[in-house]
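A quick write-up on the structure given underneath.
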Amino acid sequence: MTGSPTKSTVAAWLDERLGWSAIKEFAQHKRIPLHRHTVWYYLGGMTLFCFLVQIGTGILLLLYYRPTAEAAFESVEFIMTDVRFGWLVRSIHSWSANLMLFFAFVHMFSVFFLRAYRKPRELTWVSGALLLFLSLGFGFSGYLLPWNQLAYFATKVGTDILGQIPLIGHWLLTVARGGDEVSGATLTRFFGVHVAVLPMIATFFLVVHLAMVQKQGMSVPIGPSYQNTRTMPFFPNFALRDLVGWTLALGILVLLASIFPWELGVKADPLASAPAGIRPEWFFCFMFQTLKYIPSHVLFMPGELLGIIGFSLGGVALILVPFLDRRAAREERNGLMTAIGCVVILYMAVFTLLAYVR
Amino acid sequence: MIRRLAQRTMIAGHRRSGSGIVVLWCLAIFTWTVALAADAAPAGSSNSCIACHQLQHDKRLRQPAVGLPNDVHFTKGFACQDCHGGDPTGGMAESDPSLAHDSAKGFVGAPTPAQIPEFCARCHSDVERMKQYDPKMRVDQLQEYRSSQHGKKLAQGDAKVATCISCHGVHGILPVADTRSPVYKTNVAATCAHCHADTGYMGPYGIPTNQFKLYRTSVHGSKLLDKGDLGAPTCNNCHGNHGATPPGLTSIAATCGECHANNREFFNQSPHKEAFASLGVGECTACHNHHDIAKPADSLLGVGPGSLCITCHSEGEPGYRAAALMSAKLDSLKTTLHTAHDMLEHASRGGVDVALGKFDLHSADDALIKARTAVHYFDTAKFDEATQAGMVAAGNVVMLGREALADLRLRRIGLAFTLPLILLLALLLYQKIRRIEGR
């Protein structure tokens with residue numbers, strides 16, 4: 001060990017207690033495969049970066065935000081107008097939330113197409129899929145918090161869907177809203193979910209996800225051309241590249257937040273009629289648009305219920321992908337899975353677009 | 001259904017001698033149907049007047065029965081005999097209308113036009129009776145009507161003038177709040193125009209017939225009939241309804257002031273009040289016209305093109321100077337407000353939250369409206385007070401606009417410094433990677 005005697009003493013003291021040298025040893029020996037798809041390895045890191053930005057900006061927003069129907073809108077307005085750099089923090093929080101979901105989706109699809117979920121990384125995939133759902137939960141719960149007109153009615157429509165579930169639908173709706181209608185009670189529990197429940201669960205799965213990525217290392221795509229490829233050290237080569245990506249992402253966030261600050265809109269008025277062309281955030285649009293196209297009744301079943309069942313099965317199928325794709329487990333290519341992935345991307349893109357143009 | 005049953009009952013009645021059982025059977029069905037309908041339908045369902053009148057071939061005789069089900073009186077439980085008297089239970093079975101039209105049972109038949117106001121007033125002037133149905137409804141319609149031009153002419157024996165049924169209709173009278181009613185607010189002008197725009201009908205009276213045409217193009221007509229703004233006035237708001245009469249020259253401000261209270265108040269304090277009266281000029285109408293009242297423009301004030309002031313005031317007169325001064329002050333307030341609007345809009349487009357500025361802008365815009373109203377003082381000192389308040393309000397918004405624009409500039413400067421720094425950091429990291437990998 002080089003450096004000053006004091007530094008060495010402190011490092012030795014810490015190493016004795018934390019086992020730091022073992023981690024350092026692990027990092028020094030960890031290697032990243034180099035091939036034409038290596039670029040996709042950076043997307044998980046980008047998603048993580050946005051998540052960290054969310055935690056940082058979220059804590060700053062918590063200093064001023066007040067989670068009641070009477071004060072929520074005004075407190076966000078105060079953050080936007082009176083708190084120094086409050087507008088920037090809130091805008092970065094909103095933009096970063098959207099970028100995080102964007103990167104999470106791209107990361108998920110890249111892992112899907114590279115078959116990086118195959119044995120022995122099934123649980124890494126499962127924890128990642130759960131993190132994606134939790135991110136959607138963050139998006140849904142956070143959208144209501146500014147208590148503006150759009151958020152109010154989008155939440156009303158979103159939670160209405162819960163009520164369609166047979167037997168427990170009304171109970172779920174009441175639990176989600178804290179009553180029959182979207183009200184201050186809904187705002188308070190959405191706030192609790194957004195800043196306590198979801199972060200706690202997400203942190204757990206994130207730790208599991210990252211630990212497994214470290215343990216299993218990076219997956220290489222199926223095929224002989226990817227075997228015995230060159231590698232580069234994780235630390236510092238890959239870590240520095242990740243840092244370049246994070247720095248550029250920060251630049252993009254600052255640019256977006258400065259040029260297109262996130263609008264606040266008008267305060268929610270439960271007695272007002274729903275604004276025209278109301279739709280949820282872009283990451284829910286494909287589901288929203290699908291529900292709009294399903295007829296009110298299909299055979300004996302209400303259309304919305306059919307849609308909910310369809311999306312629930314889709315979610316379960318997503319979690320079970322590593323167990324459904326047996327050919328990947330045998331290191332064989334699977335054209336059917338690639339075709340399914342392409343159809344899903346096409347469906348999501350087209351229906352999201354339709355929600356914006358119709 | 002009832003009509004068919006009634007027909008069958010009448011026919012059966014003619015064959016009574018040979019088909020007693022059929023008659024009884026039909027009567028039983030008729031009674032049963034009427035009894036069933038009685039629960040759902042208002043009084044009069046089993047009324048022989050309706051049963052008989054709806055079978056009439058003469059439209060004039062059939063119409064009362066056809067329109068009646070929607071009639072406000074009928075739906076509240078009144079039936080034919082309550083207005084016309086007679087016996088609603090008689091005559092049907094016997095095929096003898098005279099049994100129903102029995103003057104011994106109070107049958108009065110259809111009233112003549114001259115009788116109609118009193119005919120309706122039997123109930124509508126009765127406070128106790130009207131309270132049972134609509135406690136808020138006025139009961140002075142007859143009194144008002146007698147004071148109207150229509151009422152006066154009717155009293156002189158002119159049967160052509162409007163009576164109650166000319167506007168409200170008859171046998172199918174709808175509540176005033178019903179959008180189908182001829183006296184619903186958006187229908188009033190067309191109802192009045194039915195007679196007043198008819199040159200042939202109005203010829204003997206020697207009054208203009210272009211009121212509806214003029215009103216239709218006015219700011220009031222456009223608001224009410226095109227935009228559906230029920231706050232905009234129609235004929236009866238200025239002329240009265242039951243007591244319809246044109247306002248006199250010196251009472252025009254009072255009429256317009258019903259809605260434009262401040263304008264009336266200021267005008268009455270102005271030197272124009274006496275001047276207009278002595279010149280025999282209509283108060284508000286002298287500048288704004290009456291049926292064709294245009295949306296007032298600021299160009300009406302001042303000494304420029306389109307100004308009304310210069311029609312009476314010549315250059316060099318105090319009135320001329322006052323007009324020029326007021327116009328200049330109003331322009332100055334408008335320019336300041338325009339600047340404030342532009343500033344906030346610019347800052348808002350740049351993403352700066354200007355909610356507070358926009359809120360204050362409403363007060364400043366209100367101040368402009370007040371200043372425009374204060375023109376009716378025709379007094380530069382009082383007008384100054386109003387414009388000064390507007391200038392202060394607009395000045396505050398301009399200040400907020402400046403702050404918002406300064407904030408926007410600061411954000412842009414911050415971005416211009418931050419972004420290169422971030423890019424420089426990325427570049428340094430990249431150089432570091434190259435150095436490491438170059439070893």
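Residues are referred to by chain and number: the chain letter is A, B, ... according to the order shown in the structure tokens, the number counts from 1 in that chain, and ligands are numbered separately from 1 in the order shown.
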
**Residues of stretch 158-293 of chain B in helix (DSSP H, G or I), written as number ranges by chain** = B: 164-168, 185-196, 199-205, 211-217, 219-226, 235-239, 249-256, 261-269, 272-279, 285-288

**Request:** Using only C-alpha atoms, select each residue of chain A with any atom at most 8 Å away from an atom of chain B, and give the selection as number ranges by chain.
**Result:** A: 80-81, 237, 240-241, 243-245, 247-248, 250-251, 254-255, 258-263

Can you write just those residues out, N, CA and C atoms, as a PDB file, in the first residue's frame?
```
ATOM      1  N   MET A  80     -41.378  26.033  -6.779  1.00  0.00           N
ATOM      2  CA  MET A  80     -41.086  26.485  -8.153  1.00  0.00           C
ATOM      3  C   MET A  80     -40.741  27.976  -8.223  1.00  0.00           C
ATOM      4  N   THR A  81     -41.345  28.767  -7.332  1.00  0.00           N
ATOM      5  CA  THR A  81     -41.191  30.220  -7.483  1.00  0.00           C
ATOM      6  C   THR A  81     -40.286  30.852  -6.427  1.00  0.00           C
ATOM      7  N   ASN A 237     -11.755   0.675 -15.945  1.00  0.00           N
ATOM      8  CA  ASN A 237     -12.164   0.953 -17.329  1.00  0.00           C
ATOM      9  C   ASN A 237     -13.682   1.094 -17.512  1.00  0.00           C
ATOM     10  N   LEU A 240     -15.283   3.861 -15.295  1.00  0.00           N
ATOM     11  CA  LEU A 240     -15.072   5.214 -15.817  1.00  0.00           C
ATOM     12  C   LEU A 240     -15.981   5.495 -17.012  1.00  0.00           C
ATOM     13  N   ARG A 241     -16.161   4.452 -17.837  1.00  0.00           N
ATOM     14  CA  ARG A 241     -17.080   4.629 -18.980  1.00  0.00           C
ATOM     15  C   ARG A 241     -18.509   4.895 -18.478  1.00  0.00           C
ATOM     16  N   LEU A 243     -19.215   6.281 -15.751  1.00  0.00           N
ATOM     17  CA  LEU A 243     -19.197   7.643 -15.208  1.00  0.00           C
ATOM     18  C   LEU A 243     -19.344   8.685 -16.326  1.00  0.00           C
ATOM     19  N   VAL A 244     -18.739   8.397 -17.492  1.00  0.00           N
ATOM     20  CA  VAL A 244     -18.898   9.306 -18.640  1.00  0.00           C
ATOM     21  C   VAL A 244     -20.386   9.360 -19.017  1.00  0.00           C
ATOM     22  N   GLY A 245     -21.000   8.173 -19.064  1.00  0.00           N
ATOM     23  CA  GLY A 245     -22.436   8.105 -19.394  1.00  0.00           C
ATOM     24  C   GLY A 245     -23.269   8.867 -18.390  1.00  0.00           C
ATOM     25  N   THR A 247     -22.294  11.318 -16.505  1.00  0.00           N
ATOM     26  CA  THR A 247     -22.033  12.761 -16.629  1.00  0.00           C
ATOM     27  C   THR A 247     -22.844  13.332 -17.790  1.00  0.00           C
ATOM     28  N   LEU A 248     -22.859  12.589 -18.906  1.00  0.00           N
ATOM     29  CA  LEU A 248     -23.643  13.068 -20.058  1.00  0.00           C
ATOM     30  C   LEU A 248     -25.132  13.082 -19.726  1.00  0.00           C
ATOM     31  N   LEU A 250     -26.398  13.565 -16.831  1.00  0.00           N
ATOM     32  CA  LEU A 250     -26.618  14.742 -15.972  1.00  0.00           C
ATOM     33  C   LEU A 250     -26.756  15.997 -16.837  1.00  0.00           C
ATOM     34  N   GLY A 251     -25.888  16.082 -17.867  1.00  0.00           N
ATOM     35  CA  GLY A 251     -25.954  17.224 -18.780  1.00  0.00           C
ATOM     36  C   GLY A 251     -27.312  17.290 -19.470  1.00  0.00           C
ATOM     37  N   VAL A 254     -29.956  18.444 -16.975  1.00  0.00           N
ATOM     38  CA  VAL A 254     -29.877  19.893 -16.700  1.00  0.00           C
ATOM     39  C   VAL A 254     -30.424  20.673 -17.889  1.00  0.00           C
ATOM     40  N   LEU A 255     -30.083  20.214 -19.091  1.00  0.00           N
ATOM     41  CA  LEU A 255     -30.553  20.893 -20.299  1.00  0.00           C
ATOM     42  C   LEU A 255     -32.083  20.845 -20.393  1.00  0.00           C
ATOM     43  N   SER A 258     -33.785  22.920 -17.714  1.00  0.00           N
ATOM     44  CA  SER A 258     -33.648  24.376 -17.882  1.00  0.00           C
ATOM     45  C   SER A 258     -34.468  24.888 -19.057  1.00  0.00           C
ATOM     46  N   ILE A 259     -34.441  24.143 -20.158  1.00  0.00           N
ATOM     47  CA  ILE A 259     -35.152  24.619 -21.350  1.00  0.00           C
ATOM     48  C   ILE A 259     -36.651  24.286 -21.278  1.00  0.00           C
ATOM     49  N   PHE A 260     -36.953  23.109 -20.742  1.00  0.00           N
ATOM     50  CA  PHE A 260     -38.369  22.705 -20.634  1.00  0.00           C
ATOM     51  C   PHE A 260     -38.717  22.378 -19.183  1.00  0.00           C
ATOM     52  N   PRO A 261     -38.758  23.385 -18.311  1.00  0.00           N
ATOM     53  CA  PRO A 261     -39.097  23.092 -16.910  1.00  0.00           C
ATOM     54  C   PRO A 261     -40.478  22.418 -16.815  1.00  0.00           C
ATOM     55  N   TRP A 262     -40.598  21.504 -15.891  1.00  0.00           N
ATOM     56  CA  TRP A 262     -41.844  20.741 -15.755  1.00  0.00           C
ATOM     57  C   TRP A 262     -42.969  21.663 -15.311  1.00  0.00           C
ATOM     58  N   GLU A 263     -44.062  21.678 -16.070  1.00  0.00           N
ATOM     59  CA  GLU A 263     -45.166  22.602 -15.743  1.00  0.00           C
ATOM     60  C   GLU A 263     -45.928  22.132 -14.512  1.00  0.00           C
TER      61      GLU A 263
END
```

**Asked** Can you tell me, as a ChimeraX atom specification, what residues are no more than 9 Å from B:Cys192 when counting only C-alpha atoms, ignoring any on the same chain fewer than 4 positions away?
**Response** /B:167,187-188,196-197,212,235

**Item:** Near-B:His171 list (12 Å; only C-alpha atoms; drop same-chain fewer than 5 positions) as a PyMOL selection string
**Value:** chain B and resi 50+60-75+78-80+83-84+110+165

Residue selection dump (N, CA, C and O atoms) as an mmCIF file, in the first residue's frame:
```cif
data_model
loop_
_atom_site.group_PDB
_atom_site.id
_atom_site.type_symbol
_atom_site.label_atom_id
_atom_site.label_comp_id
_atom_site.auth_asym_id
_atom_site.auth_seq_id
_atom_site.Cartn_x
_atom_site.Cartn_y
_atom_site.Cartn_z
ATOM 1 N N ILE B 50 -110.838 16.240 -23.639
ATOM 2 C CA ILE B 50 -109.633 15.813 -24.374
ATOM 3 C C ILE B 50 -110.011 14.677 -25.321
ATOM 4 O O ILE B 50 -109.653 14.691 -26.505
ATOM 5 N N ARG B 60 -108.146 23.449 -35.608
ATOM 6 C CA ARG B 60 -108.356 24.476 -34.591
ATOM 7 C C ARG B 60 -109.004 23.878 -33.327
ATOM 8 O O ARG B 60 -108.695 24.260 -32.215
ATOM 9 N N LEU B 61 -109.900 22.913 -33.547
ATOM 10 C CA LEU B 61 -110.572 22.283 -32.412
ATOM 11 C C LEU B 61 -109.733 21.155 -31.802
ATOM 12 O O LEU B 61 -109.858 20.849 -30.618
ATOM 13 N N ARG B 62 -108.870 20.551 -32.644
ATOM 14 C CA ARG B 62 -108.055 19.439 -32.167
ATOM 15 C C ARG B 62 -106.835 19.934 -31.362
ATOM 16 O O ARG B 62 -106.395 19.288 -30.425
ATOM 17 N N GLN B 63 -106.315 21.077 -31.763
ATOM 18 C CA GLN B 63 -105.067 21.586 -31.192
ATOM 19 C C GLN B 63 -105.058 21.660 -29.654
ATOM 20 O O GLN B 63 -104.077 21.269 -29.021
ATOM 21 N N PRO B 64 -106.142 22.142 -29.013
ATOM 22 C CA PRO B 64 -106.105 22.228 -27.538
ATOM 23 C C PRO B 64 -105.791 20.891 -26.878
ATOM 24 O O PRO B 64 -105.041 20.836 -25.893
ATOM 25 N N ALA B 65 -106.327 19.803 -27.436
ATOM 26 C CA ALA B 65 -106.106 18.487 -26.817
ATOM 27 C C ALA B 65 -104.708 17.958 -27.117
ATOM 28 O O ALA B 65 -104.114 17.260 -26.298
ATOM 29 N N VAL B 66 -104.189 18.331 -28.289
ATOM 30 C CA VAL B 66 -102.870 17.826 -28.698
ATOM 31 C C VAL B 66 -101.756 18.471 -27.862
ATOM 32 O O VAL B 66 -100.855 17.799 -27.372
ATOM 33 N N GLY B 67 -101.856 19.788 -27.683
ATOM 34 C CA GLY B 67 -100.777 20.496 -26.985
ATOM 35 C C GLY B 67 -100.839 20.377 -25.478
ATOM 36 O O GLY B 67 -99.844 20.601 -24.784
ATOM 37 N N LEU B 68 -101.996 20.012 -24.971
ATOM 38 C CA LEU B 68 -102.240 20.069 -23.530
ATOM 39 C C LEU B 68 -101.289 19.227 -22.659
ATOM 40 O O LEU B 68 -100.876 19.695 -21.586
ATOM 41 N N PRO B 69 -100.934 18.004 -23.061
ATOM 42 C CA PRO B 69 -100.093 17.188 -22.155
ATOM 43 C C PRO B 69 -98.821 17.876 -21.687
ATOM 44 O O PRO B 69 -98.328 17.589 -20.596
ATOM 45 N N ASN B 70 -98.254 18.790 -22.497
ATOM 46 C CA ASN B 70 -97.017 19.465 -22.079
ATOM 47 C C ASN B 70 -97.289 20.775 -21.349
ATOM 48 O O ASN B 70 -96.353 21.433 -20.903
ATOM 49 N N ASP B 71 -98.527 21.154 -21.280
ATOM 50 C CA ASP B 71 -98.887 22.457 -20.717
ATOM 51 C C ASP B 71 -98.552 22.507 -19.226
ATOM 52 O O ASP B 71 -98.825 21.564 -18.472
ATOM 53 N N VAL B 72 -97.919 23.615 -18.806
ATOM 54 C CA VAL B 72 -97.493 23.751 -17.418
ATOM 55 C C VAL B 72 -98.684 23.665 -16.463
ATOM 56 O O VAL B 72 -98.586 23.102 -15.366
ATOM 57 N N HIS B 73 -99.841 24.197 -16.900
ATOM 58 C CA HIS B 73 -101.023 24.146 -16.033
ATOM 59 C C HIS B 73 -101.531 22.713 -15.910
ATOM 60 O O HIS B 73 -101.874 22.252 -14.829
ATOM 61 N N PHE B 74 -101.553 22.039 -17.056
ATOM 62 C CA PHE B 74 -102.060 20.672 -17.098
ATOM 63 C C PHE B 74 -101.191 19.757 -16.217
ATOM 64 O O PHE B 74 -101.696 18.917 -15.478
ATOM 65 N N THR B 75 -99.864 19.948 -16.313
ATOM 66 C CA THR B 75 -98.964 19.092 -15.527
ATOM 67 C C THR B 75 -99.066 19.379 -14.040
ATOM 68 O O THR B 75 -98.695 18.551 -13.213
ATOM 69 N N PHE B 78 -104.239 21.124 -13.503
ATOM 70 C CA PHE B 78 -105.391 21.854 -14.047
ATOM 71 C C PHE B 78 -105.896 21.145 -15.297
ATOM 72 O O PHE B 78 -105.109 20.587 -16.071
ATOM 73 N N ALA B 79 -107.197 21.197 -15.496
ATOM 74 C CA ALA B 79 -107.767 20.584 -16.701
ATOM 75 C C ALA B 79 -108.623 21.632 -17.404
ATOM 76 O O ALA B 79 -108.762 22.772 -16.933
ATOM 77 N N CYS B 80 -109.190 21.233 -18.535
ATOM 78 C CA CYS B 80 -109.920 22.164 -19.411
ATOM 79 C C CYS B 80 -110.952 22.989 -18.634
ATOM 80 O O CYS B 80 -111.050 24.212 -18.795
ATOM 81 N N CYS B 83 -110.366 26.358 -16.711
ATOM 82 C CA CYS B 83 -110.363 27.656 -17.401
ATOM 83 C C CYS B 83 -111.695 27.889 -18.124
ATOM 84 O O CYS B 83 -112.223 28.987 -18.108
ATOM 85 N N HIS B 84 -112.161 26.845 -18.796
ATOM 86 C CA HIS B 84 -113.319 27.022 -19.684
ATOM 87 C C HIS B 84 -114.645 26.632 -19.050
ATOM 88 O O HIS B 84 -115.691 26.856 -19.648
ATOM 89 N N ALA B 110 -114.160 29.698 -25.474
ATOM 90 C CA ALA B 110 -112.891 30.401 -25.714
ATOM 91 C C ALA B 110 -113.088 31.896 -25.514
ATOM 92 O O ALA B 110 -114.039 32.467 -26.039
ATOM 93 N N ILE B 165 -101.574 35.199 -24.641
ATOM 94 C CA ILE B 165 -101.332 34.015 -25.467
ATOM 95 C C ILE B 165 -100.452 34.313 -26.685
ATOM 96 O O ILE B 165 -99.863 33.396 -27.249
#
```

**Prompt:** For A:Phe234, which residue among A:Pro221, A:Gly310, A:Pro166, A:Pro33 is the nearest when counting only C-alpha atoms?
**Reply:** A:Pro33

**Request:** Considering only C-alpha atoms, return as a ChimeraX atom specification whatever protein or nucleic-acid residues lie within 10 Å of stretch 380-383 of chain B, sequence-local ones (same chain, fewer than 3 positions apart) excluded.
**Result:** /B:266,319,321-323,325-326,329-330,370-377,386-388

**Message:** Could you list, as a PyMOL selection string, every residue within 10 Å of stretch 88-98 of chain A, counting only C-alpha atoms and ignoring same-chain residues fewer than 3 positions away?
**Reply:** (chain A and resi 47+49-58+60-61+76+79-80+83-85+101-104+135-136+138-139+142-143+249-250+252-258+260-264+281-283) or (chain B and resi 411)

**Request:** State, in Å with one decimal place, the distance from atom CA of A:Gly163 to atom CA of A:Met301.
**Result:** 14.6 Å

**Message:** List the spatial neighbours of stretch 254-260 of chain B as a PyMOL selection string - criterion: any atom at most 9 Å away, only C-alpha atoms, same-chain residues fewer than 3 positions off excluded.
**Reply:** chain B and resi 233+237-239+247+250-251+263-265+284

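Comparing B:Glu315, B:Thr339, B:Cys309, B:Ser222 by their smallest distance to B:Asp292, the closest is B:Ser222 (using only C-alpha atoms).
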
**Prompt:** So, counting only C-alpha atoms, which residue among A:Lys30, A:Arg358, A:Lys215, A:Lys292 is closest to A:Gly277?
**Reply:**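 When distances to A:Gly277 are compared using only C-alpha atoms, the smallest one comes from A:Arg358.
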
**Prompt:** What does the distance from atom CA of A:Ile32 to atom CA of A:Gly217 come to in Å, to one decimal?
**Reply:** 7.6 Å
